[in-house]
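Source file model_7.tsv; content: TSV, C-alpha atoms.
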chain	number	residue	atom	x	y	z
A	1	MET	CA	-39.12	-45.36	13.06
A	2	VAL	CA	-35.52	-46.63	12.93
A	3	GLU	CA	-33.07	-44.13	14.42
A	4	PRO	CA	-30.10	-43.18	12.22
A	5	VAL	CA	-26.71	-44.55	13.16
A	6	ARG	CA	-24.54	-41.82	14.66
A	7	TYR	CA	-21.04	-41.33	13.31
A	8	ALA	CA	-18.02	-39.10	13.82
A	9	MET	CA	-15.37	-38.15	11.29
A	10	ILE	CA	-11.61	-37.76	11.61
A	11	GLY	CA	-10.09	-35.60	8.85
A	12	GLY	CA	-11.87	-34.26	5.79
A	13	GLY	CA	-12.06	-30.62	6.79
A	14	GLU	CA	-11.31	-27.32	5.10
A	15	GLY	CA	-9.75	-27.78	1.65
A	16	ALA	CA	-10.19	-31.56	1.60
A	17	PHE	CA	-11.71	-33.39	-1.37
A	18	ILE	CA	-12.76	-36.70	0.12
A	19	GLY	CA	-14.31	-35.48	3.39
A	20	PRO	CA	-17.25	-33.68	1.76
A	21	VAL	CA	-17.72	-36.71	-0.52
A	22	HIS	CA	-18.05	-38.98	2.52
A	23	ARG	CA	-20.45	-36.62	4.30
A	24	THR	CA	-22.63	-36.17	1.20
A	25	ALA	CA	-22.69	-39.93	0.64
A	26	ALA	CA	-23.69	-40.55	4.25
A	27	ALA	CA	-26.55	-38.09	3.81
A	28	ILE	CA	-27.68	-39.88	0.63
A	29	ALA	CA	-27.52	-43.21	2.48
A	30	GLY	CA	-30.29	-41.93	4.73
A	31	ASN	CA	-29.46	-44.03	7.77
A	32	CYS	CA	-26.44	-42.08	9.09
A	33	GLN	CA	-26.15	-38.91	11.18
A	34	LEU	CA	-22.92	-36.93	11.60
A	35	VAL	CA	-22.74	-35.98	15.28
A	36	ALA	CA	-19.06	-35.26	15.96
A	37	GLY	CA	-15.76	-34.65	14.26
A	38	ALA	CA	-12.09	-33.79	14.45
A	39	LEU	CA	-11.95	-32.53	10.90
A	40	SER	CA	-8.40	-31.18	10.98
A	41	SER	CA	-5.18	-31.58	12.95
A	42	ASP	CA	-5.18	-27.79	13.28
A	43	ALA	CA	-7.60	-26.88	16.11
A	44	GLU	CA	-8.86	-23.62	14.58
A	45	ARG	CA	-9.34	-25.19	11.16
A	46	ALA	CA	-11.13	-28.09	12.83
A	47	ARG	CA	-13.48	-25.64	14.56
A	48	ARG	CA	-14.29	-23.80	11.31
A	49	SER	CA	-14.73	-27.06	9.40
A	50	GLY	CA	-17.01	-28.50	12.05
A	51	GLU	CA	-19.20	-25.41	11.98
A	52	ARG	CA	-19.56	-25.66	8.19
A	53	ALA	CA	-20.39	-29.36	8.45
A	54	GLY	CA	-23.17	-28.65	10.95
A	55	ILE	CA	-21.44	-30.24	13.94
A	56	ALA	CA	-22.36	-28.79	17.33
A	57	PRO	CA	-19.47	-26.70	18.76
A	58	ASP	CA	-19.12	-28.88	21.85
A	59	ARG	CA	-18.63	-31.95	19.65
A	60	SER	CA	-16.18	-30.45	17.18
A	61	TYR	CA	-12.81	-31.52	18.54
A	62	GLY	CA	-9.24	-30.39	17.97
A	63	SER	CA	-7.69	-33.86	17.64
A	64	TYR	CA	-8.74	-37.45	17.14
A	65	ALA	CA	-7.52	-38.30	20.65
A	66	GLU	CA	-9.85	-35.67	22.13
A	67	LEU	CA	-12.72	-36.90	19.96
A	68	ILE	CA	-12.34	-40.50	21.09
A	69	ALA	CA	-11.93	-39.63	24.78
A	70	ARG	CA	-14.86	-37.22	24.95
A	71	GLU	CA	-17.23	-39.26	22.79
A	72	ARG	CA	-16.47	-42.33	24.89
A	73	ALA	CA	-17.45	-40.38	28.02
A	74	LEU	CA	-20.91	-39.54	26.66
A	75	PRO	CA	-24.00	-41.66	27.43
A	76	ALA	CA	-24.38	-44.58	25.05
A	77	GLN	CA	-27.52	-43.11	23.49
A	78	MET	CA	-25.62	-39.93	22.51
A	79	ARG	CA	-22.12	-40.95	21.51
A	80	ALA	CA	-20.99	-41.75	17.98
A	81	GLN	CA	-21.45	-45.40	17.05
A	82	PHE	CA	-18.75	-45.49	14.40
A	83	ILE	CA	-15.86	-43.31	13.31
A	84	ALA	CA	-15.01	-42.56	9.67
A	85	ILE	CA	-11.31	-41.89	9.04
A	86	VAL	CA	-10.62	-39.78	5.95
A	87	THR	CA	-7.12	-38.48	6.64
A	88	PRO	CA	-3.83	-38.90	4.77
A	89	ASN	CA	-2.62	-42.50	4.99
A	90	HIS	CA	-0.13	-42.10	7.87
A	91	VAL	CA	-2.96	-41.23	10.30
A	92	HIS	CA	-5.16	-44.22	9.40
A	93	ALA	CA	-3.58	-46.80	11.71
A	94	PRO	CA	-3.05	-44.69	14.85
A	95	ALA	CA	-6.53	-43.16	14.62
A	96	ALA	CA	-8.19	-46.50	13.88
A	97	ILE	CA	-6.33	-48.28	16.67
A	98	ALA	CA	-7.33	-45.58	19.16
A	99	ALA	CA	-10.95	-45.78	17.99
A	100	LEU	CA	-11.07	-49.57	18.26
A	101	GLU	CA	-9.51	-49.43	21.72
A	102	GLY	CA	-12.22	-46.91	22.62
A	103	GLY	CA	-14.95	-49.32	21.59
A	104	PHE	CA	-15.93	-47.70	18.28
A	105	ALA	CA	-16.47	-49.37	14.91
A	106	VAL	CA	-14.20	-47.94	12.21
A	107	LEU	CA	-14.78	-47.10	8.54
A	108	VAL	CA	-11.43	-46.17	6.99
A	109	ASP	CA	-10.50	-44.83	3.59
A	110	LYS	CA	-8.20	-46.88	1.35
A	111	PRO	CA	-5.38	-47.81	1.30
A	112	LEU	CA	-5.73	-49.29	4.77
A	113	THR	CA	-2.53	-47.69	6.12
A	114	ASP	CA	0.79	-46.22	5.01
A	115	THR	CA	2.94	-49.32	5.64
A	116	MET	CA	2.54	-53.07	5.92
A	117	ALA	CA	3.78	-52.99	9.53
A	118	ALA	CA	1.10	-50.45	10.46
A	119	ALA	CA	-1.55	-52.57	8.71
A	120	LEU	CA	-0.59	-55.63	10.74
A	121	ASP	CA	-0.73	-53.61	13.98
A	122	PHE	CA	-4.20	-52.39	12.96
A	123	GLN	CA	-5.28	-55.96	12.21
A	124	ALA	CA	-3.99	-57.25	15.57
A	125	VAL	CA	-5.96	-54.64	17.51
A	126	ALA	CA	-9.13	-55.31	15.48
A	127	GLN	CA	-8.83	-59.02	16.21
A	128	ARG	CA	-8.20	-58.43	19.91
A	129	THR	CA	-11.04	-55.95	20.39
A	130	GLY	CA	-13.49	-57.60	18.02
A	131	GLY	CA	-14.35	-54.20	16.59
A	132	LEU	CA	-16.07	-53.89	13.23
A	133	VAL	CA	-13.86	-52.47	10.45
A	134	GLY	CA	-14.85	-51.45	6.93
A	135	VAL	CA	-12.71	-50.09	4.10
A	136	THR	CA	-14.03	-47.67	1.48
A	137	HIS	CA	-13.16	-49.27	-1.84
A	138	THR	CA	-15.68	-47.12	-3.69
A	139	TYR	CA	-16.09	-49.08	-6.89
A	140	ILE	CA	-17.54	-52.24	-5.35
A	141	GLY	CA	-20.51	-50.06	-4.44
A	142	TYR	CA	-21.50	-49.68	-8.11
A	143	PRO	CA	-24.48	-51.86	-9.14
A	144	MET	CA	-22.97	-53.08	-12.42
A	145	VAL	CA	-19.69	-54.06	-10.77
A	146	ARG	CA	-21.77	-56.19	-8.44
A	147	GLN	CA	-23.68	-57.59	-11.41
A	148	ALA	CA	-20.41	-58.54	-13.09
A	149	ARG	CA	-19.32	-60.37	-9.94
A	150	ALA	CA	-22.63	-62.21	-9.80
A	151	LEU	CA	-22.41	-63.31	-13.45
A	152	VAL	CA	-18.94	-64.73	-12.85
A	153	ALA	CA	-19.95	-66.40	-9.58
A	154	GLN	CA	-22.98	-68.08	-11.15
A	155	GLY	CA	-20.59	-70.17	-13.22
A	156	GLY	CA	-22.32	-69.96	-16.59
A	157	LEU	CA	-19.51	-67.93	-18.13
A	158	GLY	CA	-16.91	-70.54	-17.27
A	159	GLN	CA	-13.46	-70.01	-15.83
A	160	VAL	CA	-11.84	-66.58	-15.83
A	161	ARG	CA	-8.96	-66.75	-18.32
A	162	ARG	CA	-7.70	-63.18	-18.65
A	163	VAL	CA	-8.25	-59.82	-16.97
A	164	ALA	CA	-7.16	-56.34	-18.06
A	165	VAL	CA	-7.66	-53.45	-15.65
A	166	ARG	CA	-6.38	-49.92	-15.93
A	167	TYR	CA	-6.75	-46.83	-13.80
A	168	THR	CA	-5.25	-43.82	-15.54
A	169	GLN	CA	-5.35	-40.18	-14.49
A	170	GLY	CA	-3.42	-37.14	-15.66
A	171	TRP	CA	-3.65	-34.81	-12.68
A	172	LEU	CA	-0.01	-35.34	-11.57
A	173	ALA	CA	1.56	-35.18	-15.03
A	174	THR	CA	3.97	-32.35	-14.17
A	175	ALA	CA	6.05	-31.31	-11.18
A	176	GLN	CA	3.86	-28.22	-10.74
A	177	ASP	CA	0.77	-30.41	-10.35
A	178	ALA	CA	2.00	-31.59	-6.94
A	179	ALA	CA	1.65	-28.14	-5.38
A	180	GLY	CA	-2.00	-28.38	-4.28
A	181	LYS	CA	-3.21	-29.72	-0.94
A	182	GLN	CA	-4.64	-32.93	-2.40
A	183	ALA	CA	-1.40	-33.71	-4.22
A	184	GLN	CA	1.13	-32.65	-1.58
A	185	TRP	CA	0.52	-35.50	0.82
A	186	ARG	CA	0.10	-38.07	-1.95
A	187	VAL	CA	3.66	-37.47	-3.21
A	188	ASP	CA	5.13	-37.33	0.32
A	189	PRO	CA	6.42	-40.67	1.68
A	190	ALA	CA	6.02	-39.42	5.26
A	191	ARG	CA	2.26	-39.04	4.78
A	192	SER	CA	1.39	-41.37	1.91
A	193	GLY	CA	3.65	-44.27	2.84
A	194	LEU	CA	5.34	-46.75	0.55
A	195	ALA	CA	3.25	-46.07	-2.54
A	196	GLY	CA	2.11	-43.18	-4.69
A	197	ALA	CA	-0.10	-44.07	-7.65
A	198	PHE	CA	-0.08	-47.79	-6.85
A	199	GLY	CA	-1.36	-47.04	-3.36
A	200	ASP	CA	-3.80	-44.30	-4.30
A	201	ILE	CA	-5.47	-45.83	-7.36
A	202	GLY	CA	-3.65	-49.12	-7.98
A	203	THR	CA	-5.29	-50.56	-4.87
A	204	HIS	CA	-8.70	-49.76	-6.39
A	205	ALA	CA	-7.77	-51.65	-9.57
A	206	PHE	CA	-6.46	-54.58	-7.50
A	207	ASN	CA	-9.58	-54.68	-5.34
A	208	LEU	CA	-11.83	-54.57	-8.41
A	209	VAL	CA	-10.05	-57.58	-9.93
A	210	GLU	CA	-10.41	-59.67	-6.79
A	211	PHE	CA	-14.01	-58.58	-6.18
A	212	ILE	CA	-15.34	-59.35	-9.65
A	213	THR	CA	-13.42	-62.57	-10.23
A	214	GLY	CA	-13.94	-63.84	-6.69
A	215	GLU	CA	-10.32	-65.00	-6.79
A	216	PRO	CA	-7.24	-63.74	-4.94
A	217	MET	CA	-4.23	-62.52	-6.87
A	218	THR	CA	-1.38	-64.93	-6.13
A	219	ARG	CA	1.69	-63.56	-7.99
A	220	ILE	CA	2.73	-60.24	-9.46
A	221	ALA	CA	5.53	-58.91	-11.67
A	222	ALA	CA	5.52	-55.11	-11.57
A	223	ASP	CA	7.39	-52.20	-13.12
A	224	ILE	CA	6.68	-48.97	-11.24
A	225	ARG	CA	8.47	-45.65	-11.36
A	226	ALA	CA	8.40	-41.93	-10.69
A	227	ALA	CA	8.11	-40.54	-14.21
A	228	VAL	CA	8.30	-36.90	-13.09
A	229	PRO	CA	11.91	-36.01	-12.18
A	230	GLY	CA	12.48	-35.45	-8.48
A	231	ARG	CA	9.28	-37.16	-7.36
A	232	MET	CA	9.88	-39.54	-4.42
A	233	LEU	CA	6.93	-41.90	-4.93
A	234	ASP	CA	5.68	-43.80	-7.97
A	235	ASP	CA	3.34	-41.95	-10.29
A	236	ASP	CA	3.20	-44.58	-13.04
A	237	GLY	CA	3.35	-48.36	-13.28
A	238	ALA	CA	2.13	-51.62	-14.73
A	239	ALA	CA	2.05	-55.23	-13.61
A	240	MET	CA	1.28	-58.73	-14.78
A	241	PHE	CA	-0.48	-61.00	-12.32
A	242	HIS	CA	-1.77	-64.53	-11.74
A	243	LEU	CA	-5.12	-65.46	-10.19
A	244	ALA	CA	-5.76	-68.43	-7.91
A	245	GLY	CA	-7.99	-70.07	-10.53
A	246	GLY	CA	-5.27	-70.02	-13.18
A	247	GLY	CA	-6.23	-66.83	-15.00
A	248	ARG	CA	-3.69	-64.21	-16.02
A	249	GLY	CA	-3.96	-60.45	-16.09
A	250	THR	CA	-2.45	-57.02	-16.51
A	251	LEU	CA	-2.89	-53.96	-14.31
A	252	ILE	CA	-1.96	-50.35	-15.10
A	253	ALA	CA	-2.07	-47.56	-12.51
A	254	SER	CA	-0.81	-44.15	-13.55
A	255	GLN	CA	-1.37	-40.51	-12.63
A	256	ILE	CA	0.76	-39.01	-15.41
A	257	CYS	CA	-1.48	-39.97	-18.36
A	258	THR	CA	-2.08	-36.46	-19.68
A	259	GLY	CA	-5.70	-35.84	-20.61
A	260	ASP	CA	-7.17	-38.76	-18.66
A	261	ALA	CA	-9.63	-37.77	-15.92
A	262	ASN	CA	-10.60	-40.93	-14.04
A	263	GLY	CA	-10.03	-43.71	-16.54
A	264	LEU	CA	-10.90	-46.81	-14.55
A	265	GLU	CA	-12.02	-49.74	-16.69
A	266	ILE	CA	-11.88	-53.51	-16.44
A	267	SER	CA	-12.36	-56.37	-18.88
A	268	LEU	CA	-12.62	-60.07	-18.05
A	269	TRP	CA	-12.56	-62.86	-20.59
A	270	CYS	CA	-14.06	-66.11	-19.44
A	271	GLU	CA	-14.53	-69.34	-21.38
A	272	GLU	CA	-17.98	-68.37	-22.62
A	273	ALA	CA	-18.04	-64.54	-22.59
A	274	GLY	CA	-16.19	-61.29	-22.02
A	275	LEU	CA	-17.35	-58.67	-19.51
A	276	HIS	CA	-16.48	-54.98	-19.84
A	277	TRP	CA	-17.11	-52.11	-17.36
A	278	HIS	CA	-15.98	-48.48	-17.55
A	279	GLN	CA	-16.31	-46.24	-14.49
A	280	GLU	CA	-17.13	-43.19	-16.59
A	281	GLN	CA	-20.24	-45.05	-17.87
A	282	PRO	CA	-21.00	-46.83	-14.62
A	283	ASP	CA	-24.60	-47.87	-15.23
A	284	ARG	CA	-23.60	-50.11	-18.17
A	285	LEU	CA	-22.04	-53.56	-18.26
A	286	ARG	CA	-21.17	-54.95	-21.70
A	287	VAL	CA	-21.35	-58.74	-22.08
A	288	VAL	CA	-20.11	-60.38	-25.29
A	289	ARG	CA	-20.77	-64.10	-25.43
A	290	ARG	CA	-18.97	-66.63	-27.60
A	291	SER	CA	-22.11	-66.86	-29.71
A	292	GLY	CA	-25.16	-64.62	-29.84
A	293	PRO	CA	-25.66	-60.86	-29.84
A	294	GLU	CA	-23.74	-58.37	-27.76
A	295	GLU	CA	-25.58	-57.51	-24.52
A	296	ILE	CA	-25.71	-54.19	-22.69
A	297	TRP	CA	-26.89	-54.62	-19.11
A	298	ARG	CA	-28.21	-51.43	-17.48
A	299	ALA	CA	-28.76	-50.46	-13.88
A	300	GLY	CA	-32.20	-49.34	-12.69
A	301	THR	CA	-34.73	-50.02	-9.95
A	302	ASP	CA	-36.94	-51.68	-12.57
A	303	GLY	CA	-34.18	-54.18	-13.40
A	304	ALA	CA	-35.81	-57.43	-12.32
A	305	TRP	CA	-33.13	-59.22	-14.35
A	306	LEU	CA	-30.38	-57.97	-12.05
A	307	ASP	CA	-28.84	-60.06	-9.32
A	308	PRO	CA	-30.10	-59.08	-5.84
A	309	SER	CA	-26.60	-57.90	-4.89
A	310	ALA	CA	-26.77	-55.38	-7.75
A	311	LEU	CA	-30.43	-54.44	-7.40
A	312	THR	CA	-30.08	-53.51	-3.73
A	313	ALA	CA	-27.38	-51.00	-4.73
A	314	VAL	CA	-29.69	-49.13	-7.14
A	315	ARG	CA	-31.78	-46.10	-6.12
A	316	LEU	CA	-33.17	-44.73	-9.40
A	317	PRO	CA	-34.98	-46.03	-12.51
A	318	ALA	CA	-32.88	-46.80	-15.59
A	319	GLY	CA	-31.66	-43.74	-17.45
A	320	HIS	CA	-31.15	-41.65	-14.30
A	321	PRO	CA	-27.38	-41.74	-13.84
A	322	GLU	CA	-26.05	-42.98	-10.52
A	323	GLY	CA	-22.34	-42.81	-9.90
A	324	TYR	CA	-19.57	-42.01	-7.45
A	325	LEU	CA	-21.61	-40.44	-4.65
A	326	GLU	CA	-24.25	-43.16	-4.79
A	327	ALA	CA	-21.59	-45.89	-4.71
A	328	PHE	CA	-20.10	-44.23	-1.63
A	329	ALA	CA	-23.62	-43.95	-0.18
A	330	ASN	CA	-24.04	-47.71	-0.55
A	331	ILE	CA	-20.88	-48.16	1.52
A	332	TYR	CA	-22.15	-45.87	4.29
A	333	HIS	CA	-25.62	-47.41	4.26
A	334	ASP	CA	-24.36	-50.96	4.55
A	335	PHE	CA	-21.71	-50.18	7.16
A	336	ALA	CA	-24.26	-48.33	9.31
A	337	GLU	CA	-26.60	-51.30	9.00
A	338	ALA	CA	-23.81	-53.61	10.17
A	339	VAL	CA	-23.03	-51.32	13.12
A	340	ALA	CA	-26.71	-51.48	14.07
A	341	GLY	CA	-26.60	-55.30	13.97
A	342	ARG	CA	-28.37	-55.63	10.64
A	343	VAL	CA	-25.52	-56.99	8.54
A	344	PRO	CA	-26.43	-56.82	4.81
A	345	ALA	CA	-26.34	-59.95	2.72
A	346	HIS	CA	-24.06	-58.25	0.18
A	347	PRO	CA	-22.20	-55.44	1.99
A	348	ALA	CA	-20.85	-52.64	-0.20
A	349	TYR	CA	-17.87	-51.93	2.05
A	350	ALA	CA	-14.63	-53.88	1.81
A	351	SER	CA	-13.44	-55.88	4.80
A	352	LEU	CA	-10.33	-55.51	6.92
A	353	ALA	CA	-8.97	-58.62	5.20
A	354	ASP	CA	-9.49	-56.89	1.84
A	355	GLY	CA	-7.59	-53.89	3.17
A	356	ILE	CA	-4.71	-56.09	4.31
A	357	ALA	CA	-4.68	-57.74	0.87
A	358	GLY	CA	-4.38	-54.30	-0.72
A	359	MET	CA	-1.36	-53.54	1.45
A	360	ARG	CA	0.24	-56.85	0.44
A	361	PHE	CA	-0.36	-55.90	-3.20
A	362	ILE	CA	1.45	-52.56	-2.70
A	363	GLN	CA	4.37	-54.21	-0.94
A	364	ALA	CA	4.66	-56.99	-3.53
A	365	ALA	CA	4.54	-54.51	-6.42
A	366	HIS	CA	7.39	-52.50	-4.93
A	367	ASP	CA	9.41	-55.61	-4.11
A	368	SER	CA	8.95	-56.91	-7.66
A	369	SER	CA	9.90	-53.62	-9.28
A	370	ALA	CA	13.03	-53.42	-7.13
A	371	GLN	CA	13.98	-56.89	-8.42
A	372	ASN	CA	13.82	-55.92	-12.11
A	373	SER	CA	10.16	-56.93	-12.31
A	374	GLY	CA	10.74	-60.42	-10.99
A	375	TRP	CA	7.73	-62.47	-9.91
A	376	VAL	CA	6.73	-62.02	-6.27
A	377	ASP	CA	4.15	-64.09	-4.40
A	378	LEU	CA	1.29	-62.32	-2.65
A	379	VAL	CA	1.40	-64.37	0.52
A	380	GLY	CA	-1.41	-63.81	2.99
A	381	GLU	CA	-4.28	-65.27	4.94
A	382	ALA	CA	-7.19	-66.97	3.20
A	383	ARG	CA	-10.08	-64.58	2.53

Once more with this new file: its structure as structure tokens, please.
Amino acid sequence: MVEPVRYAMIGGGEGAFIGPVHRTAAAIAGNCQLVAGALSSDAERARRSGERAGIAPDRSYGSYAELIARERALPAQMRAQFIAIVTPNHVHAPAAIAALEGGFAVLVDKPLTDTMAAALDFQAVAQRTGGLVGVTHTYIGYPMVRQARALVAQGGLGQVRRVAVRYTQGWLATAQDAAGKQAQWRVDPARSGLAGAFGDIGTHAFNLVEFITGEPMTRIAADIRAAVPGRMLDDDGAAMFHLAGGGRGTLIASQICTGDANGLEISLWCEEAGLHWHQEQPDRLRVVRRSGPEEIWRAGTDGAWLDPSALTAVRLPAGHPEGYLEAFANIYHDFAEAVAGRVPAHPAYASLADGIAGMRFIQAAHDSSAQNSGWVDLVGEAR
């Protein structure tokens, strides 16, 4: 029997949204075991949160520094093998750097950090230590997103000509909406960093474009703003972009679209067909070819027609909806496998390089908007 990979968590305690999502997903993955945590920066809240999460009292720590020091001191067969970081953005880099220096692999929530400078510090330490880093861009864990990527990569659809991606929510449509715990840090530059909506959900849209097309974004012209008076970070924006292969696209990221819940959708038009995926109907991929009938591709364990990269991300037969938690579970499963030395052929987690690219996207969008939406190059390392 293969032993589960042990992990610890920083952040995600009492009152958090994303922490329970990560822990539930890890449980669904089936190859992970939560053994330690520093679930809050407040020691008493961390203790209560750890108890609720089933963490033994002697391994529920009051800070990430204590977690790393005490886990590192344990025998190798007991200590956590990787650390999941699910805090507000400003803690990502210092916690990840400390974990990497301590010899732990790191799985960090997106965006990678709060600032470009912090991201580059993170990258330098990862390169020096050789530690494994994964980034939780949830949507690349969906089977039909992976199928869309495979169809494009196979070449039969021809060159990508145009992309339209939008991620619209309405949960921050008024000033009063920013009062809750989940909103407070997202509208605070000291904790969120340079970006609001473009960092929180725009990076997902950006990552989805690059993942499905297989091409990096090379230039961007953005118009971002704080639509709600008095708000310090962007809550609404749009951009045009160029892809390395010559395609063009548009990207919308907004959290003030009243009535929208989690409106992530993407369309690609290639020479021979268009592909269309909507996150709120995640088990369907619509393919419309230049000639012939419209096709609806469906996820399911019986889908022998699916690309292996998509089929390995499916757990249930067709018609049994799989969604957000299962996509997150694919990330945890594949990262744990990589930590154990069994690197998957098609990992569901994003790489450190993808995380750095997301930070460059945020910076370029802000630079462009500050220059009256002038074109800005997304300069970075080859990925």

> Using all atoms listed in the file, which of A:Ala329, A:Ala29, A:Ala179, A:Met240 sits nearest Trp375 (chain A)?
Replying inline: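 Under the stated criterion, the closest residue is A:Met240.
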
> Using all atoms listed in the file, which residues sit within 6 Å of Asp223 (chain A) once same-chain residues fewer than 5 positions away are excluded, as a VMD selection string?
Replying inline: chain A and resid 237 to 238 369 373

> Any idea what the distance is between CA of Ala253 (chain A) and CA of Asp236 (chain A)?
Replying inline: 6.1 Å

>> Between CA of Thr138 (chain A) and CA of Phe328 (chain A), what distance in Å does the model show, to one decimal?
In response: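 Rounded to one decimal, the two atoms are 5.7 Å apart.
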
Residues of region 223-341 of chain A that have any atom at most 10 Å from an atom of region 183-205 of chain A: could you tabulate them with the shortest-distance atom pair and the distance in Å to one decimal, using only C-alpha atoms, ordered by chain and increasing number, as JSON lines?
{"residue": "A:Ile224", "atom": "CA", "partner": "A:Phe198", "partner_atom": "CA", "distance": 8.1}
{"residue": "A:Arg225", "atom": "CA", "partner": "A:Ala197", "partner_atom": "CA", "distance": 9.5}
{"residue": "A:Ala226", "atom": "CA", "partner": "A:Gly196", "partner_atom": "CA", "distance": 8.8}
{"residue": "A:Arg231", "atom": "CA", "partner": "A:Val187", "partner_atom": "CA", "distance": 7.0}
{"residue": "A:Met232", "atom": "CA", "partner": "A:Val187", "partner_atom": "CA", "distance": 6.7}
{"residue": "A:Leu233", "atom": "CA", "partner": "A:Gly196", "partner_atom": "CA", "distance": 5.0}
{"residue": "A:Asp234", "atom": "CA", "partner": "A:Gly196", "partner_atom": "CA", "distance": 4.9}
{"residue": "A:Asp235", "atom": "CA", "partner": "A:Ala197", "partner_atom": "CA", "distance": 4.8}
{"residue": "A:Asp236", "atom": "CA", "partner": "A:Ala197", "partner_atom": "CA", "distance": 6.3}
{"residue": "A:Gly237", "atom": "CA", "partner": "A:Phe198", "partner_atom": "CA", "distance": 7.3}
{"residue": "A:Ala238", "atom": "CA", "partner": "A:Phe198", "partner_atom": "CA", "distance": 9.0}
{"residue": "A:Leu251", "atom": "CA", "partner": "A:Ala205", "partner_atom": "CA", "distance": 7.2}
{"residue": "A:Ile252", "atom": "CA", "partner": "A:Gly202", "partner_atom": "CA", "distance": 7.4}
{"residue": "A:Ala253", "atom": "CA", "partner": "A:Gly202", "partner_atom": "CA", "distance": 5.0}
{"residue": "A:Ser254", "atom": "CA", "partner": "A:Ala197", "partner_atom": "CA", "distance": 5.9}
{"residue": "A:Gln255", "atom": "CA", "partner": "A:Ala197", "partner_atom": "CA", "distance": 6.3}
{"residue": "A:Ile256", "atom": "CA", "partner": "A:Ala197", "partner_atom": "CA", "distance": 9.3}
{"residue": "A:Asn262", "atom": "CA", "partner": "A:Ile201", "partner_atom": "CA", "distance": 9.7}
{"residue": "A:Leu264", "atom": "CA", "partner": "A:Ala205", "partner_atom": "CA", "distance": 7.6}
{"residue": "A:Glu265", "atom": "CA", "partner": "A:Ala205", "partner_atom": "CA", "distance": 8.5}
{"residue": "A:Ile266", "atom": "CA", "partner": "A:Ala205", "partner_atom": "CA", "distance": 8.2}
